[in-house]
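For reference, query.txt (compact mmCIF, C-alpha atoms):
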```
# COMPACT_ATOMS: atom_id res chain seq x y z
CA MET A 9 20.83 72.98 70.99
CA ILE A 10 18.15 71.46 73.21
CA ARG A 11 17.46 68.05 71.75
CA GLY A 12 14.04 67.79 70.16
CA LEU A 13 13.20 71.45 70.66
CA ALA A 14 14.73 73.49 67.89
CA THR A 15 17.32 73.68 65.17
CA LEU A 16 19.03 76.21 62.98
CA VAL A 17 17.99 77.00 59.43
CA ILE A 18 21.05 77.97 57.43
CA GLY A 19 21.71 75.31 54.82
CA LEU A 20 19.94 73.10 51.77
CA VAL A 21 20.84 69.53 52.34
CA VAL A 22 22.44 68.23 55.51
CA ALA A 23 25.62 66.32 54.73
CA THR A 24 25.87 62.85 56.22
CA ALA A 25 28.91 61.25 57.72
CA ALA A 26 29.66 58.15 59.69
CA PRO A 27 29.52 58.89 63.41
CA VAL A 28 32.77 58.83 65.30
CA VAL A 29 32.99 55.66 67.33
CA ILE A 30 33.72 56.60 70.91
CA THR A 31 32.82 55.37 74.33
CA ALA A 32 29.83 57.36 75.53
CA THR A 33 29.43 58.06 79.21
CA PRO A 34 25.76 57.78 80.21
CA ALA A 35 24.30 60.71 82.08
CA MET A 36 22.71 60.32 85.48
CA ALA A 37 18.99 59.61 85.42
CA GLU A 38 18.27 62.70 87.48
CA ALA A 39 20.70 65.43 88.31
CA PRO A 40 20.09 67.74 91.25
CA ARG A 41 18.46 70.99 90.22
CA GLY A 42 21.03 73.69 89.72
CA TRP A 43 23.97 71.30 89.57
CA GLU A 44 25.37 73.33 86.68
CA GLN A 45 25.74 76.38 88.91
CA THR A 46 27.74 74.38 91.46
CA VAL A 47 30.04 72.58 89.04
CA MET A 48 30.82 75.80 87.12
CA ARG A 49 31.45 77.66 90.40
CA VAL A 50 28.95 80.32 89.41
CA PRO A 51 28.20 81.62 92.97
CA ALA A 52 31.88 82.42 93.48
CA ALA A 53 32.03 84.09 90.07
CA GLN A 54 28.98 86.23 90.85
CA ARG A 55 30.77 87.66 93.87
CA LEU A 56 33.26 89.15 91.40
CA GLY A 57 30.82 90.27 88.71
CA GLN A 58 27.13 90.14 87.88
CA GLY A 59 27.14 90.97 84.18
CA LYS A 60 26.13 94.59 84.70
CA GLY A 61 26.45 96.72 81.58
CA VAL A 62 26.78 93.73 79.26
CA THR A 63 24.26 92.83 76.54
CA VAL A 64 24.04 89.22 75.39
CA ALA A 65 22.24 88.72 72.08
CA VAL A 66 20.35 85.43 72.12
CA LEU A 67 19.89 84.41 68.48
CA ASP A 68 17.18 81.82 68.72
CA SER A 69 13.47 81.09 68.27
CA GLY A 70 12.29 84.10 70.28
CA VAL A 71 12.18 84.94 73.99
CA MET A 72 9.01 85.47 76.06
CA ARG A 73 10.22 88.68 77.62
CA ASN A 74 7.25 88.90 80.01
CA HIS A 75 8.25 85.67 81.77
CA PRO A 76 8.34 86.34 85.55
CA GLU A 77 11.98 85.28 85.70
CA PHE A 78 13.20 88.02 83.38
CA ARG A 79 11.87 91.15 85.12
CA GLY A 80 12.56 93.61 82.33
CA ARG A 81 15.97 92.25 81.40
CA VAL A 82 14.97 91.18 77.86
CA THR A 83 14.65 93.47 74.84
CA THR A 84 12.97 92.15 71.71
CA GLY A 85 14.66 92.70 68.36
CA PRO A 86 13.54 91.82 64.84
CA ASP A 87 12.10 88.52 63.65
CA PHE A 88 14.41 87.69 60.74
CA ILE A 89 12.96 84.27 59.99
CA GLY A 90 9.22 85.00 60.02
CA GLY A 91 6.84 82.17 59.18
CA GLY A 92 3.71 83.50 60.86
CA ALA A 93 4.26 82.39 64.47
CA ARG A 94 3.46 84.93 67.16
CA PRO A 95 4.30 85.26 70.89
CA GLY A 96 1.85 83.28 72.97
CA GLN A 97 1.75 80.32 70.60
CA SER A 98 3.26 77.09 71.89
CA TYR A 99 5.73 76.93 68.99
CA TRP A 100 7.05 80.47 69.43
CA GLY A 101 9.98 81.00 71.78
CA GLU A 102 10.08 77.56 73.38
CA HIS A 103 13.79 77.09 72.80
CA GLY A 104 14.85 80.73 72.96
CA THR A 105 13.14 81.40 76.29
CA ALA A 106 15.08 78.57 77.91
CA MET A 107 18.36 79.87 76.49
CA ALA A 108 17.77 83.41 77.77
CA SER A 109 17.02 81.92 81.17
CA SER A 110 20.32 80.03 81.27
CA VAL A 111 22.26 83.16 80.30
CA LEU A 112 20.64 85.30 82.97
CA ARG A 113 20.96 82.71 85.71
CA VAL A 114 24.71 82.97 85.34
CA ALA A 115 24.80 86.74 84.71
CA PRO A 116 21.76 88.14 86.58
CA GLN A 117 22.47 91.81 85.86
CA ALA A 118 23.16 91.37 82.15
CA LYS A 119 20.66 92.32 79.46
CA VAL A 120 19.39 89.95 76.79
CA LEU A 121 18.70 91.10 73.25
CA ASP A 122 16.24 88.67 71.67
CA VAL A 123 16.78 88.20 67.91
CA ARG A 124 14.61 85.55 66.24
CA VAL A 125 16.53 83.58 63.59
CA LEU A 126 15.14 80.02 63.74
CA TRP A 127 11.95 78.02 64.20
CA ASP A 128 10.99 75.79 67.08
CA LYS A 129 10.52 72.12 66.24
CA GLU A 130 6.72 72.24 66.07
CA ASP A 131 6.48 75.47 64.09
CA PRO A 132 4.35 74.84 60.96
CA ALA A 133 6.75 77.02 58.95
CA ARG A 134 9.57 74.66 59.76
CA LYS A 135 7.52 71.65 58.75
CA ARG A 136 6.61 73.29 55.43
CA ALA A 137 10.25 74.09 54.77
CA GLU A 138 11.28 70.52 55.62
CA ARG A 139 8.76 69.10 53.17
CA ALA A 140 9.93 71.49 50.46
CA ALA A 141 13.56 70.49 51.04
CA GLU A 142 12.71 66.77 50.97
CA SER A 143 10.82 67.14 47.68
CA GLY A 144 13.98 68.33 45.97
CA GLY A 145 12.22 71.25 44.32
CA ARG A 146 13.19 74.89 44.33
CA ALA A 147 13.28 76.53 47.74
CA ASP A 148 10.23 78.70 48.37
CA GLU A 149 10.39 82.34 49.43
CA GLN A 150 10.11 81.47 53.11
CA SER A 151 13.00 79.02 52.92
CA ARG A 152 15.18 81.54 51.13
CA LYS A 153 14.41 84.10 53.82
CA ALA A 154 15.29 81.58 56.51
CA ALA A 155 18.65 80.89 54.90
CA THR A 156 19.79 84.49 55.52
CA ALA A 157 18.27 84.91 58.98
CA LEU A 158 21.35 84.03 61.01
CA ALA A 159 23.67 86.31 59.05
CA LYS A 160 21.22 89.20 59.42
CA GLY A 161 20.82 88.47 63.11
CA ILE A 162 24.56 88.53 63.77
CA ARG A 163 24.98 91.87 62.01
CA TYR A 164 21.94 93.37 63.73
CA ALA A 165 23.11 92.31 67.19
CA THR A 166 26.56 93.70 66.49
CA ASP A 167 25.23 97.05 65.31
CA LYS A 168 22.96 97.28 68.37
CA GLY A 169 25.94 97.04 70.70
CA ALA A 170 25.76 93.44 71.91
CA GLN A 171 29.10 92.42 73.42
CA VAL A 172 28.25 88.70 73.37
CA ILE A 173 26.29 86.68 70.80
CA SER A 174 24.97 83.32 71.98
CA MET A 175 23.94 80.89 69.23
CA SER A 176 22.43 77.71 70.62
CA LEU A 177 21.80 76.34 67.15
CA GLY A 178 23.52 74.53 64.34
CA SER A 179 23.30 73.11 60.86
CA ASP A 180 23.99 69.54 62.00
CA GLU A 181 20.36 68.54 62.54
CA TRP A 182 18.48 70.21 59.74
CA GLY A 183 19.13 72.81 57.06
CA LEU A 184 17.89 74.57 53.95
CA GLY A 185 21.16 75.29 52.15
CA SER A 186 24.83 74.34 52.31
CA ASP A 187 26.16 73.92 55.82
CA TYR A 188 28.89 76.50 55.24
CA ASP A 189 27.29 79.81 54.33
CA GLU A 190 29.33 82.71 52.97
CA LEU A 191 26.89 85.33 54.24
CA THR A 192 27.05 83.94 57.77
CA ALA A 193 30.84 83.57 57.64
CA ALA A 194 31.12 87.22 56.58
CA ALA A 195 28.76 88.25 59.38
CA VAL A 196 30.91 86.36 61.90
CA ASP A 197 34.00 88.21 60.65
CA TYR A 198 32.09 91.51 60.89
CA ALA A 199 31.14 90.86 64.51
CA LEU A 200 34.64 89.75 65.49
CA GLY A 201 36.04 92.88 63.86
CA LYS A 202 33.79 94.93 66.14
CA GLY A 203 35.06 93.10 69.22
CA VAL A 204 32.00 90.89 69.79
CA VAL A 205 32.44 87.46 71.41
CA LEU A 206 30.51 84.72 69.58
CA LEU A 207 29.64 81.32 71.05
CA ALA A 208 27.77 78.40 69.47
CA SER A 209 26.62 74.97 70.54
CA ALA A 210 28.71 72.05 69.27
CA GLY A 211 25.67 70.04 68.13
CA ASN A 212 23.58 67.11 69.35
CA GLY A 213 24.49 64.48 66.77
CA GLY A 214 27.28 62.77 68.65
CA SER A 215 25.42 59.68 69.84
CA THR A 216 27.03 56.31 69.11
CA ASP A 217 23.63 54.59 69.14
CA PRO A 218 22.98 53.42 65.53
CA LEU A 219 19.25 53.81 66.12
CA GLU A 220 19.57 57.46 67.11
CA VAL A 221 18.20 59.53 64.23
CA ASP A 222 20.40 62.52 65.05
CA ALA A 223 23.59 60.46 65.28
CA ASN A 224 25.37 62.06 62.35
CA ASN A 225 28.28 63.89 63.98
CA VAL A 226 28.70 66.05 60.91
CA VAL A 227 30.45 69.42 61.00
CA SER A 228 28.05 71.92 62.52
CA TYR A 229 27.95 75.62 61.75
CA PRO A 230 28.17 78.27 63.20
CA ALA A 231 30.28 76.35 65.75
CA ALA A 232 32.84 75.50 63.06
CA TYR A 233 33.38 79.05 61.81
CA PRO A 234 36.82 80.43 62.77
CA GLY A 235 36.56 82.80 65.70
CA VAL A 236 33.40 81.25 67.14
CA ILE A 237 33.80 79.53 70.53
CA ALA A 238 32.29 76.05 70.15
CA VAL A 239 30.79 74.66 73.37
CA ALA A 240 30.38 70.93 74.01
CA ALA A 241 28.02 69.46 76.62
CA MET A 242 29.09 67.70 79.81
CA GLY A 243 27.00 65.42 82.01
CA PRO A 244 26.76 65.46 85.81
CA ASP A 245 29.32 62.67 86.01
CA GLY A 246 31.98 64.87 84.43
CA GLY A 247 32.06 63.05 81.08
CA ARG A 248 30.84 64.04 77.66
CA ALA A 249 27.06 64.04 77.36
CA SER A 250 26.23 61.11 75.09
CA PHE A 251 24.70 63.37 72.42
CA SER A 252 27.40 66.05 72.33
CA GLN A 253 29.17 66.15 68.97
CA VAL A 254 32.83 65.26 68.71
CA HIS A 255 35.01 67.61 66.66
CA THR A 256 38.41 69.24 66.76
CA TYR A 257 36.83 72.71 66.85
CA ASN A 258 35.28 72.03 70.26
CA GLN A 259 37.03 74.48 72.57
CA ILE A 260 35.30 74.32 75.95
CA ALA A 261 32.50 72.42 77.67
CA ALA A 262 29.63 73.34 79.97
CA PRO A 263 26.81 71.39 81.62
CA GLY A 264 24.15 70.20 79.17
CA VAL A 265 22.07 67.57 80.99
CA ASP A 266 19.02 68.25 83.18
CA ILE A 267 19.29 72.02 82.98
CA TYR A 268 16.39 73.75 84.73
CA ALA A 269 15.24 76.83 82.81
CA ALA A 270 12.25 79.00 81.97
CA ASP A 271 9.74 77.89 79.33
CA ASN A 272 7.53 79.95 77.04
CA GLY A 273 4.40 79.07 78.98
CA GLY A 274 5.48 81.02 82.05
CA GLY A 275 6.83 78.06 84.03
CA HIS A 276 10.02 76.05 84.02
CA ARG A 277 11.24 72.73 82.64
CA MET A 278 14.33 70.54 82.43
CA GLY A 279 16.22 70.26 79.17
CA ASP A 280 19.26 68.55 77.65
CA GLY A 281 21.57 69.60 74.86
CA THR A 282 24.59 71.54 73.78
CA SER A 283 22.21 74.51 73.58
CA PRO A 284 22.09 75.18 77.34
CA ALA A 285 25.83 74.50 77.50
CA CYS A 286 26.37 77.35 75.05
CA ALA A 287 24.01 79.67 76.94
CA LEU A 288 25.72 78.97 80.27
CA ALA A 289 29.10 79.69 78.71
CA ALA A 290 27.74 82.93 77.22
CA GLY A 291 26.57 83.98 80.68
CA THR A 292 30.09 83.35 81.97
CA VAL A 293 31.52 85.59 79.25
CA ALA A 294 29.07 88.31 80.34
CA LEU A 295 30.50 88.07 83.87
CA MET A 296 34.01 88.34 82.47
CA LEU A 297 33.20 91.44 80.43
CA SER A 298 31.47 93.12 83.35
CA ARG A 299 34.71 92.65 85.23
CA ASN A 300 36.85 93.85 82.31
CA PRO A 301 34.97 95.46 79.39
CA ASP A 302 38.17 95.87 77.35
CA LEU A 303 38.73 92.16 76.74
CA THR A 304 39.02 91.20 73.08
CA PRO A 305 37.35 88.06 71.67
CA ARG A 306 40.75 86.36 71.54
CA GLN A 307 41.49 87.26 75.16
CA VAL A 308 38.11 85.87 76.24
CA ARG A 309 38.77 82.61 74.43
CA ASP A 310 42.29 82.32 75.85
CA ILE A 311 41.07 82.94 79.40
CA LEU A 312 38.28 80.38 79.09
CA VAL A 313 40.77 77.83 77.77
CA LYS A 314 43.47 78.52 80.36
CA THR A 315 41.12 78.52 83.34
CA ALA A 316 39.00 75.54 82.29
CA ARG A 317 39.22 72.41 84.38
CA LYS A 318 41.14 70.20 82.00
CA PRO A 319 40.44 66.54 81.31
CA PRO A 320 43.18 64.26 82.70
CA SER A 321 44.61 63.80 79.21
CA GLY A 322 44.50 67.52 78.38
CA TYR A 323 42.65 68.64 75.28
CA THR A 324 40.15 66.19 73.86
CA VAL A 325 37.74 66.37 70.95
CA PHE A 326 35.00 65.38 73.40
CA LEU A 327 35.17 68.29 75.85
CA GLY A 328 37.68 70.63 74.24
CA PHE A 329 40.00 72.18 76.82
CA GLY A 330 37.63 71.25 79.62
CA LEU A 331 34.78 72.51 81.79
CA VAL A 332 34.20 76.25 82.12
CA ASP A 333 35.30 77.47 85.54
CA ALA A 334 33.33 80.68 85.87
CA ALA A 335 35.05 81.86 89.05
CA ALA A 336 38.56 81.35 87.68
CA ALA A 337 37.62 82.92 84.35
CA VAL A 338 36.16 86.06 85.93
CA ARG A 339 39.13 86.40 88.27
CA ALA A 340 41.55 86.10 85.36
CA ALA A 341 39.53 88.61 83.35
CA GLY A 342 39.93 91.17 86.09
CA SER A 343 43.72 90.91 86.03
CA ALA A 344 44.14 90.74 82.24
CA LYS A 345 46.15 93.52 80.66
CA ASP A 346 45.07 95.52 77.65
CA SER A 347 45.61 93.79 74.37
CA GLU A 348 48.42 95.38 72.38
CA ILE A 349 48.85 94.81 68.66
CA ALA A 350 52.23 95.78 67.24
CA ALA A 351 54.63 94.58 64.58
CA ALA A 352 57.20 92.20 66.04
CA PRO A 353 60.78 92.65 64.82
CA TYR A 354 62.37 89.68 63.10
CA LYS A 355 65.05 88.14 65.31
CA GLY A 356 65.95 85.06 63.32
CA GLU A 357 68.78 84.29 60.95
CA LYS A 358 70.00 86.94 58.54
CA TYR A 359 68.84 84.88 55.56
CA PHE A 360 65.76 82.66 55.29
CA GLY A 361 67.75 80.24 53.11
CA ASP A 362 71.47 79.60 52.69
CA GLY A 363 72.21 83.19 51.67
CA PRO A 364 74.05 84.30 48.53
CA VAL A 365 76.20 81.68 46.80
CA ALA A 366 78.83 84.19 45.58
CA ALA A 367 80.29 87.49 46.65
CA PRO A 368 78.16 90.52 45.79
CA THR A 369 79.11 92.17 42.49
CA THR A 370 79.21 95.90 41.72
CA ASN A 371 78.51 97.65 38.43
CA PRO A 372 80.39 100.71 37.13
CA PRO A 373 78.59 104.02 37.51
CA MET A 374 76.37 105.09 34.62
CA ASP A 375 77.80 107.73 32.24
CA MET A 376 75.23 110.52 32.55
CA SER A 377 76.49 112.27 29.36
CA TYR A 378 74.81 109.59 27.28
CA VAL A 379 71.59 110.17 29.16
CA ALA A 380 71.79 113.90 28.41
CA ILE A 381 72.50 113.33 24.68
CA GLY A 382 69.64 110.87 24.47
CA GLY A 383 67.31 113.33 26.16
CA VAL A 384 68.23 116.08 23.66
CA GLY A 385 67.67 113.70 20.75
CA VAL A 386 64.25 112.73 22.03
CA GLY A 387 63.33 116.40 22.48
CA VAL A 388 64.36 117.30 18.92
CA GLY A 389 62.43 114.36 17.53
CA LEU A 390 59.30 115.40 19.40
CA LEU A 391 59.71 118.96 18.05
CA PHE A 392 59.85 117.71 14.43
CA LEU A 393 56.77 115.59 15.00
CA LEU A 394 54.91 118.60 16.36
CA VAL A 395 55.83 120.77 13.34
CA ALA A 396 54.81 118.03 10.92
CA ALA A 397 51.47 117.66 12.66
CA LEU A 398 50.81 121.39 12.37
CA LEU A 399 51.66 121.41 8.63
CA MET A 400 49.33 118.49 8.03
CA ARG A 401 46.47 120.38 9.64
CA ARG A 402 46.81 123.51 7.28
CA PRO A 403 43.87 123.79 4.83
CA ARG A 404 44.64 123.16 1.14
CA ALA A 405 43.81 125.76 -1.64
CA ARG A 406 40.80 124.81 -3.66
CA PRO A 407 41.29 124.52 -7.53
CA VAL A 408 39.58 127.17 -9.77
CA HIS A 409 37.22 125.74 -12.37
CA HIS A 410 36.59 127.84 -15.58
CA THR A 411 33.16 127.59 -17.12
CA ARG A 412 32.94 128.11 -20.90
CA MET A 413 30.15 130.48 -21.80
CA PRO A 414 28.13 129.69 -24.91
CA GLY A 415 28.91 132.08 -27.80
CA PRO A 416 26.82 133.19 -30.73
CA GLY A 417 25.29 130.38 -32.65
CA PHE A 418 24.64 128.25 -29.65
```

Using structure tokens, write down the structure from this file.
Amino acid sequence: MIRGLATLVIGLVVATAAPVVITATPAMAEAPRGWEQTVMRVPAAQRLGQGKGVTVAVLDSGVMRNHPEFRGRVTTGPDFIGGGARPGQSYWGEHGTAMASSVLRVAPQAKVLDVRVLWDKEDPARKRAERAAESGGRADEQSRKAATALAKGIRYATDKGAQVISMSLGSDEWGLGSDYDELTAAAVDYALGKGVVLLASAGNGGSTDPLEVDANNVVSYPAAYPGVIAVAAMGPDGGRASFSQVHTYNQIAAPGVDIYAADNGGGHRMGDGTSPACALAAGTVALMLSRNPDLTPRQVRDILVKTARKPPSGYTVFLGFGLVDAAAAVRAAGSAKDSEIAAAPYKGEKYFGDGPVAAPTTNPPMDMSYVAIGGVGVGVGLLFLLVAALLMRRPRARPVHHTRMPGPGF
């Protein structure tokens, strides 16, 4: 998520939790433009793959596909969240345009499928939904529609052939329903079952500043759904960006401070957040799949984890398994073997427990003559029942009534 730009709408009330107390590493005041490309070793990765033939679905606030940077590489899908905003308005596609830019700067020959599933910060529809949620009343029709937007977007992108789904959004900042959503969880399972790689931003509520309004560090979905690759944000100094959320589901990290990207007005701007970190990681996955289209979601995750530049202490809840190394990941993708799923034979002890406590016993063979006699008896009994039933169904003779005729004198 880009801080202060947009947020996901998937829940009713955002749960609150005490922030994790950690030592934040301040980011540099100004990072050199394009530093993320250098630190992720993107130029070396692009010599191995460019993302050709790979579609990355950007589930976001919309993408201005006519931006000069995109040059026909963006296809517009449905608007699942609605609200009345239209392309060309300042609050349509501000966040999503930047995310598409970050994806394509890593994977220049990939295609982006734009699927609108959330509102930008200044969208009047978002403000109306926020007021309705704060009032404690029943959710209006627009809010109910927004609550299903992400699930619909995931399924749509999957059915349209996207190999990667990038979700720079989360329930940690604002929501219209419960953080965990069964429809979205089912959609994630559906996409994974089709071989789609899903990535999501870790969240921007990790600040330790008590005055920071977003410093909640609550569990953020969709990053927390099983199977989704959660991406934390790193600063130019190599440490966790001060806002990046801290959770055990964080798997990898990517640059998230001073990221130069396209904006919805036709120009460019700098942005911070776990949102661009997710988009940059999604672009790396596109490079990997262009090198080896047969990679499964699990293989992609394993390669990203194994090739990441690890923190000195190994895995941490701050940066997961470390910074994405695009060049190493793409190289490893090219040499990965096909994934084989087969039943593994059990090679352990003969018994799971202590085994039998006594010697096995045997029973004498059954005398089949008794079985035959019993069968005959049952057959005869059934025959008698059948005869009795037939006799009961025979019609009875009706009695004859004699009527006395009146004689003479009557």

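Distances here use only C-alpha atoms; by that measure, the residue among A:His255, A:His276, A:Arg299, A:Arg73 closest to Gly85 (chain A) is A:Arg73.
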
CA of Ala93 (chain A) to CA of Val66 (chain A), distance in Å rounded to a single decimal: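 CA of Ala93 (chain A) sits 18.1 Å away from CA of Val66 (chain A).
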
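Among the candidate residues A:Ser110, A:Lys119, A:Lys202, A:Ala65, the one lying nearest to Ile267 (chain A) is A:Ser110, with distances computed using only C-alpha atoms.
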
Distance of CA of Thr166 (chain A) from CA of Val50 (chain A), expressed in Å to one decimal place: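 Spanning CA of Val50 (chain A) to CA of Thr166 (chain A) is a straight-line distance of 26.6 Å.
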
Atomic distance CA of Gln253 (chain A) - CA of Phe326 (chain A), expressed in Å with one decimal: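 Interatomic distance, CA of Gln253 (chain A) to CA of Phe326 (chain A): 7.4 Å.
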
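By all atoms listed in the file, and with residues fewer than 3 positions from Ile173 (chain A) along its chain excluded, the set lying at most 8 Å from it is Val64, Ala65, Val66, Leu67, Ile162, Ala165, Ala170, Val204, Val205, Leu206, Leu207 and Ala290 of chain A.
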
Keeping only C-alpha atoms, write the selected residues as an mmCIF file, in the frame of the given file.
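Contents of out_28.cif, as written:
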```cif
data_model
loop_
_atom_site.group_PDB
_atom_site.id
_atom_site.type_symbol
_atom_site.label_atom_id
_atom_site.label_comp_id
_atom_site.auth_asym_id
_atom_site.auth_seq_id
_atom_site.Cartn_x
_atom_site.Cartn_y
_atom_site.Cartn_z
ATOM 1 C CA VAL A 64 24.040 89.220 75.390
ATOM 2 C CA ALA A 65 22.240 88.720 72.080
ATOM 3 C CA VAL A 66 20.350 85.430 72.120
ATOM 4 C CA LEU A 67 19.890 84.410 68.480
ATOM 5 C CA ILE A 162 24.560 88.530 63.770
ATOM 6 C CA ALA A 165 23.110 92.310 67.190
ATOM 7 C CA ALA A 170 25.760 93.440 71.910
ATOM 8 C CA VAL A 204 32.000 90.890 69.790
ATOM 9 C CA VAL A 205 32.440 87.460 71.410
ATOM 10 C CA LEU A 206 30.510 84.720 69.580
ATOM 11 C CA LEU A 207 29.640 81.320 71.050
ATOM 12 C CA ALA A 290 27.740 82.930 77.220
#
```

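Comparing A:Ser343, A:Leu288, A:Tyr229, A:Gly363 by their smallest distance to Ser179 (chain A), the closest is A:Tyr229 (using only C-alpha atoms).
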
Can you take the partial region 97-104 of chain A, add all heavy atoms, and return it as a PDB file, in the frame of the given file?
```pdb
ATOM      1  N   GLN A  97       1.963  81.637  71.177  1.00  0.00           N
ATOM      2  CA  GLN A  97       1.750  80.320  70.600  1.00  0.00           C
ATOM      3  C   GLN A  97       2.776  79.340  71.150  1.00  0.00           C
ATOM      4  O   GLN A  97       3.902  79.713  71.459  1.00  0.00           O
ATOM      5  CB  GLN A  97       1.828  80.382  69.069  1.00  0.00           C
ATOM      6  CG  GLN A  97       0.703  81.211  68.444  1.00  0.00           C
ATOM      7  CD  GLN A  97       0.874  81.369  66.944  1.00  0.00           C
ATOM      8  OE1 GLN A  97       1.923  81.800  66.484  1.00  0.00           O
ATOM      9  NE2 GLN A  97      -0.171  81.025  66.202  1.00  0.00           N
ATOM     10  N   SER A  98       2.378  78.074  71.260  1.00  0.00           N
ATOM     11  CA  SER A  98       3.260  77.090  71.890  1.00  0.00           C
ATOM     12  C   SER A  98       4.546  76.881  71.120  1.00  0.00           C
ATOM     13  O   SER A  98       5.559  76.475  71.701  1.00  0.00           O
ATOM     14  CB  SER A  98       2.512  75.749  72.012  1.00  0.00           C
ATOM     15  OG  SER A  98       2.140  75.262  70.721  1.00  0.00           O
ATOM     16  N   TYR A  99       4.537  77.144  69.814  1.00  0.00           N
ATOM     17  CA  TYR A  99       5.730  76.930  68.990  1.00  0.00           C
ATOM     18  C   TYR A  99       6.462  78.237  68.696  1.00  0.00           C
ATOM     19  O   TYR A  99       7.192  78.346  67.724  1.00  0.00           O
ATOM     20  CB  TYR A  99       5.378  76.217  67.679  1.00  0.00           C
ATOM     21  CG  TYR A  99       4.191  76.791  66.951  1.00  0.00           C
ATOM     22  CD1 TYR A  99       4.310  77.916  66.136  1.00  0.00           C
ATOM     23  CD2 TYR A  99       2.933  76.201  67.078  1.00  0.00           C
ATOM     24  CE1 TYR A  99       3.222  78.440  65.470  1.00  0.00           C
ATOM     25  CE2 TYR A  99       1.844  76.721  66.399  1.00  0.00           C
ATOM     26  CZ  TYR A  99       1.994  77.836  65.593  1.00  0.00           C
ATOM     27  OH  TYR A  99       0.907  78.357  64.933  1.00  0.00           O
ATOM     28  N   TRP A 100       6.273  79.221  69.529  1.00  0.00           N
ATOM     29  CA  TRP A 100       7.050  80.470  69.430  1.00  0.00           C
ATOM     30  C   TRP A 100       7.835  80.663  70.727  1.00  0.00           C
ATOM     31  O   TRP A 100       7.262  80.770  71.810  1.00  0.00           O
ATOM     32  CB  TRP A 100       6.127  81.673  69.218  1.00  0.00           C
ATOM     33  CG  TRP A 100       6.856  82.940  68.829  1.00  0.00           C
ATOM     34  CD1 TRP A 100       7.007  83.456  67.586  1.00  0.00           C
ATOM     35  CD2 TRP A 100       7.539  83.858  69.710  1.00  0.00           C
ATOM     36  NE1 TRP A 100       7.739  84.615  67.606  1.00  0.00           N
ATOM     37  CE2 TRP A 100       8.097  84.895  68.896  1.00  0.00           C
ATOM     38  CE3 TRP A 100       7.765  83.897  71.080  1.00  0.00           C
ATOM     39  CZ2 TRP A 100       8.825  85.948  69.426  1.00  0.00           C
ATOM     40  CZ3 TRP A 100       8.511  84.946  71.607  1.00  0.00           C
ATOM     41  CH2 TRP A 100       9.026  85.961  70.791  1.00  0.00           C
ATOM     42  N   GLY A 101       9.142  80.681  70.627  1.00  0.00           N
ATOM     43  CA  GLY A 101       9.980  81.000  71.780  1.00  0.00           C
ATOM     44  C   GLY A 101      10.184  79.887  72.781  1.00  0.00           C
ATOM     45  O   GLY A 101      10.675  80.144  73.882  1.00  0.00           O
ATOM     46  N   GLU A 102       9.875  78.650  72.424  1.00  0.00           N
ATOM     47  CA  GLU A 102      10.080  77.560  73.380  1.00  0.00           C
ATOM     48  C   GLU A 102      11.576  77.375  73.675  1.00  0.00           C
ATOM     49  O   GLU A 102      11.994  77.316  74.829  1.00  0.00           O
ATOM     50  CB  GLU A 102       9.489  76.266  72.804  1.00  0.00           C
ATOM     51  CG  GLU A 102       9.603  75.085  73.752  1.00  0.00           C
ATOM     52  CD  GLU A 102       9.017  73.817  73.175  1.00  0.00           C
ATOM     53  OE1 GLU A 102       8.761  73.773  71.950  1.00  0.00           O
ATOM     54  OE2 GLU A 102       8.829  72.853  73.941  1.00  0.00           O
ATOM     55  N   HIS A 103      12.356  77.298  72.639  1.00  0.00           N
ATOM     56  CA  HIS A 103      13.790  77.090  72.800  1.00  0.00           C
ATOM     57  C   HIS A 103      14.499  78.360  73.266  1.00  0.00           C
ATOM     58  O   HIS A 103      15.311  78.342  74.188  1.00  0.00           O
ATOM     59  CB  HIS A 103      14.361  76.622  71.454  1.00  0.00           C
ATOM     60  CG  HIS A 103      15.798  76.203  71.509  1.00  0.00           C
ATOM     61  ND1 HIS A 103      16.838  77.033  71.177  1.00  0.00           N
ATOM     62  CD2 HIS A 103      16.358  75.015  71.842  1.00  0.00           C
ATOM     63  CE1 HIS A 103      17.984  76.389  71.298  1.00  0.00           C
ATOM     64  NE2 HIS A 103      17.731  75.163  71.688  1.00  0.00           N
ATOM     65  N   GLY A 104      14.168  79.489  72.638  1.00  0.00           N
ATOM     66  CA  GLY A 104      14.850  80.730  72.960  1.00  0.00           C
ATOM     67  C   GLY A 104      14.623  81.207  74.378  1.00  0.00           C
ATOM     68  O   GLY A 104      15.527  81.774  75.005  1.00  0.00           O
TER      69      GLY A 104
END
```
